[in-house]
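Report on one structure; see the data block that follows.
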Amino acid sequence: MSTTKDKGKQPLTLNRPGRLELKKTVETGQVRQSFSHGRSKAVTVEVKRKRTFAPGAGGRMTEVTGAAASAEAALAEAEAATLETPPPGDALHDLTDTEKAARLRALESAKQEEEQRKVEEALEAERRAKEEAEAKAREAEEEEKRKQAAAEQSEAEQAAAAQAEDIAGAQAAAAATGADPAASPAAAAAKPRGETESDKEAEARKGKFRKAPPAKPTPSRRGEQRRRHGKLTISQALEGGDRERVRSLASVRRQRERQRAAEKQAHSPPSRVIREVVLPEVITVQELANRMAERGGEVVKALMKLGVMTTITQTIDADTAELVIGEFGHKVKRVSASDVEIGMLGEDDAETDLMSRPPVVTIMGHVDHGKTSLLDALRETDVAGHEAGGITQHIGAYQVRLGDDQRITFVDTPGHAAFTEMRSRGAQVTDLVVLVVAADDGIMEQTVEAISHAKAAEVPIIVAINKMDRPDADPDRVKNDLLQHELVVEEMGGDVLAVPVSAKEKTNLDKLEEAILLQAELLELKANPDRRAEGVVIEAKVERGRGSVATVLVKRGTLKNGDVFVAGSEWGRVRALINDRGEQVEEAGPAEPVEVLGLTGTPVAGDDFVVVENDAKARDIAEFREQQKRDKELATQGRGTLEQMLSKIKEGEVQELAAVVKSDVHGSLEAILASFDKLATDEVRVRVLHAGVGGINESDVALARASEGLIIGFNVRANPQARELARRDDVNIRYYSIIYDLVDDVKAALSGLLSPAREERFLGYAQIREVFNITKVGKVAGCMITEGTVKRGAKVRLLRDNVVIHDGALKTLKRFKEEVREVKDGYECGMAFENYQDIQVGDQIECYEVEEVTRTL
């Protein structure tokens, strides 16, 4: 490979025969890629491989792998290094000795590696052929062994079947002849070969010792795969053959059943699930859809079909929701917030559980007729002496114990007109009414009201004609007056008991008690003491150190310490029970009045009192009742209609007297508020900022100061902090102990808010005799006073033919060119009107003035 300088530049070529060909170096294929929810995708995959080619036998290019490839790579690098050497000048220079030696070494190394590779390939092919031959031989041997084992197993099974038949025949023959079955030749023949000594001897004599048969395979259990035996060949591993476990027929049958069930379910329409939907009083559309397990859009469509245009977040009433539930085919279960009270009162008592109880008697009558004095005489105490003004302003319950172990429960009610609610409440909780009538006064206003309450409660009446010790006492007049109210005493052929008594002298009290017990015996009063207590709140108040205290009259059951109860919208746990004599007791039975401590708040007098199971039940009931009470108050304090609002704007707002009312007991507070309602008119009224039971505190003063109102305390006082705050902020606190004094003061305050009445007072008439037209002044009427007096600055009316044509004010009043204050009857004067000039001779002028008069309620 030498060149000369004089020869031209020639390309460097390889002396190889044939064409240079390359096989495809990129292998393509498809792979299916799986995703969630059963989705899949076919992906094309390309694999590129690097191939190295070298000249093989006959000069054909063949692929080089392993060491040959590395040798070829080294040779290529050497040739590249040789070719990359730049020729000096324009002619190709000769190779150096070092380059030639390197090239020869590379060629020799490549030839040696090629020869070594060919030898290794031949050895590898020979090894593979040998392994394949050995594998085929092993497979043939295994197949022969399997066939032989199967044949031996079949032969053994046939022999066993034949032996079983011989044994059965021998047993039948022996049974027929009565011989021993074990001695029969068939039984002997049925024994295994080689087991008996005769068989061994026969085999030895004949010299026919055969090769021992292979061990009989152990029968496998049902469903258990047979264990592999022998070696596992490559063909068995690749083909699988009969080594795989075959599915049982039952498994195939179950799979087919599942497929048929799935196809049937796919073709059949889905069955609708009917649900029981719990429906409250109001519910949102979304919540209704969730409870029916339906789509919200479908529920909105159903409402549109019914003519109700709503969104998914709006609320609908229970009746509309019930129609929608019916449209979807579900069942409705209506519930309401009042369901918490279901079962609160318990079941009715059986007749066998009822026991006699003391009667509850209410003392009613007119004010100052001696009701409390009569009760004091029966109880031998002095309650009336402690009442302010000598009149009862609280409702009280007491129990009188008679000599023969009999008891009577008395409920004392006020007689003042303001305590109508108290009297009505007393009549509702009683068994009979004792109507106290003073023998000297007779039937009065509150006496008639008490009769009406008793008739409304449908309770019997006993008339106690009191003050018989007075010299002017006339019981016959009282009895005759009772006839006007359909009360006929026994002396006149009726059924009303009338007992003349004297509370002061304590006469005929035993007869009154006897009449009460007789009437109670006719009523057959019974109650069950062995159950949870139920009763009614007679009175409620707040006491320092004791909190809210309620006077409770037990109607049935027994009230015990620790009982959880509900009283109206309040609840609590009984901490202490105190009877009417101030003694602490452990329990209170039917018709027994007690004071209950342990309330969370102050209930309203007249509320029901019920013992419940636990705190959670009591709390739920109290919250429900409190919400009802709040809703009722909001409904009564509404803004009114637009017409009412416009009328108030036109006529002016109603004048209000803001007040904070605090009382010692709830009954008195109720009476005060009722009196305020009676004082209200279309122009003035009392606006109660806050009404409560208990003393006056700082929050009451702050509330009154913010609203510029006053504080009314009935039988309560303000604490020192409240008094100091009221003195600093100039808040008026008024204390009262008698209710009619309170009502009179509030009435006077409301009267002061009334706008004064405007009244006209006639002054006199004047006749126009002449009309003068004066420059810069206008028309002036020359008049004669015909009646009364005319005053300067007074109001005047101009009458023409007895018709009022002008009503205005008098601008000037002159006599002989001088201004005068007034002109009397029979004198002449000159008058001019303000802003009016249409006056004629013969017109009459009426003079009057307007006065403001203070009004009262």
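Lettering and numbering for the structure tokens are positional, with chains as A, B, ... in the shown order, residues counted from 1 in each chain, and ligands counted from 1 in the shown order.
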
Set the distance at 10 Å and use only C-alpha atoms: which residues neighbour Asp495 of chain A once local chain neighbours fewer than 4 positions away are removed? I'd like the list as a list in words.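 My reading of the contact set: Pro460, Ile461, Ile462, Leu487, Val488, Val489, Glu490 and Glu491 of chain A.
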
For the residues in that selection, give me N, CA and C atoms as a CSV table (one decimal), in the first residue's frame.
chain,number,residue,atom,x,y,z
A,460,PRO,N,-117.5,22.9,91.5
A,460,PRO,CA,-118.6,23.3,92.4
A,460,PRO,C,-118.2,24.5,93.3
A,461,ILE,N,-119.2,25.2,93.7
A,461,ILE,CA,-119.0,26.4,94.5
A,461,ILE,C,-119.6,26.2,95.9
A,462,ILE,N,-118.9,26.6,96.9
A,462,ILE,CA,-119.4,26.7,98.3
A,462,ILE,C,-119.3,28.2,98.7
A,487,LEU,N,-126.9,31.1,91.1
A,487,LEU,CA,-126.4,30.3,92.2
A,487,LEU,C,-127.6,30.2,93.3
A,488,VAL,N,-128.1,29.0,93.4
A,488,VAL,CA,-129.3,28.8,94.3
A,488,VAL,C,-128.8,28.0,95.5
A,489,VAL,N,-128.9,28.6,96.7
A,489,VAL,CA,-128.4,27.9,97.9
A,489,VAL,C,-129.4,26.8,98.3
A,490,GLU,N,-129.0,26.0,99.2
A,490,GLU,CA,-129.9,24.8,99.6
A,490,GLU,C,-131.2,25.3,100.3
A,491,GLU,N,-131.1,26.4,101.0
A,491,GLU,CA,-132.3,26.9,101.7
A,491,GLU,C,-133.4,27.3,100.7

Spatial neighbours of segment 800-804 of chain A, max dist 8 Å, only C-alpha atoms, sep filter under 6 positions, as a PyMOL selection string: chain A and resi 842-844

Take the residues from that selection and write them out as a short mmCIF file (atom, residue, chain, number, x, y, z; two decimals), in the first residue's frame, keeping N, CA, C and O atoms.
data_model
loop_
_atom_site.label_atom_id
_atom_site.label_comp_id
_atom_site.auth_asym_id
_atom_site.auth_seq_id
_atom_site.Cartn_x
_atom_site.Cartn_y
_atom_site.Cartn_z
N GLY A 842 -122.43 94.93 55.36
CA GLY A 842 -123.44 93.95 55.73
C GLY A 842 -122.87 92.62 56.18
O GLY A 842 -123.61 91.78 56.73
N ASP A 843 -121.56 92.40 55.95
CA ASP A 843 -120.94 91.15 56.42
C ASP A 843 -120.85 91.16 57.95
O ASP A 843 -120.77 92.22 58.58
N GLN A 844 -120.83 89.96 58.51
CA GLN A 844 -120.75 89.82 59.96
C GLN A 844 -119.40 89.19 60.33
O GLN A 844 -118.93 88.25 59.68
#

So that I can check the secondary structure, give me every residue of segment 501-580 of chain A assigned strand (DSSP E or B) by backbone DSSP, as a ChimeraX atom specification. /A:502,507,526-527,532,534-543,547-556,558-560,564-567,570-578

Using DSSP on the backbone coordinates, identify the residues of segment 254-468 of chain A assigned to helix (DSSP H, G or I); present them as a PyMOL selection string. chain A and resi 254-267+285-292+296-305+318-327+337-341+351-353+371-379+384-386+388-390+417-428+445-457

Show me, as a compact mmCIF listing (two decimals) with N, CA and C atoms, in the first residue's frame, the residues that have an atom within 9 Å of Asp353 of chain A when counting only C-alpha atoms, minus same-chain residues fewer than 5 positions from it.
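Writing the result to around_30.txt gives the following:
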# COMPACT_ATOMS: atom_id res chain seq x y z
N ALA A 527 -105.89 9.80 93.06
CA ALA A 527 -104.66 9.99 92.27
C ALA A 527 -103.72 8.83 92.54
N ASN A 528 -102.78 8.62 91.62
CA ASN A 528 -101.79 7.55 91.76
C ASN A 528 -100.50 8.15 92.30
N PRO A 529 -100.10 7.79 93.53
CA PRO A 529 -98.86 8.37 94.07
C PRO A 529 -97.60 7.66 93.58
N ASP A 530 -97.73 6.45 93.02
CA ASP A 530 -96.56 5.65 92.62
C ASP A 530 -96.24 5.85 91.15

When you draw a straight line from atom CA of Glu759 of chain A to atom CA of Lys791 of chain A, how long is it in Å?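 According to the coordinates, atom CA of Glu759 of chain A and atom CA of Lys791 of chain A are separated by 17.3 Å.
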
Taking only C-alpha atoms into account, name the residue in A:Arg532, A:Arg275, A:His330, A:Arg247 that is nearest to Leu345 of chain A.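 Under the stated criterion, the closest residue is A:Arg532.
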
Quick check, in Å to one decimal: how far apart do atom CA of Lys541 of chain A and atom CA of Gly589 of chain A lie?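 Computed distance, atom CA of Lys541 of chain A to atom CA of Gly589 of chain A, equals 22.5 Å.
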
Skipping near chain neighbours, those fewer than 4 positions away, what residues fall within 8 Å of segment 704-720 of chain A using only C-alpha atoms, listed as number ranges by chain? A: 657-664, 689, 694-697, 700, 724, 729, 731-739

If I take atom CA of Glu851 of chain A and atom CA of Gly793 of chain A, how far is one from the other in Å, to one decimal?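 Those two atoms sit 13.7 Å apart.
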
Extract, using only C-alpha atoms, all DNA, RNA and protein residues at most 6 Å from segment 763-769 of chain A, discarding same-chain residues fewer than 2 positions from it, and format them as a list in words.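 Answer for this query is Gly782, Cys783, Met784, Ile785, Thr786, Glu787, Gly788, Thr789, Val790, Val841, Gly842, Asp843, Gln844, Ile845, Glu846, Cys847 and Tyr848 of chain A.
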
Hey, what's within 10 Å of Ser755 of chain A if we count only C-alpha atoms and toss same-chain stuff fewer than 3 positions away? As a count of residues only, please? 11

Top pick for closest residue to Leu374 of chain A, considering A:Leu323, A:Val434, A:Ile274, A:Val596 and counting only C-alpha atoms: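 Smallest distance to Leu374 of chain A is found for A:Val434.
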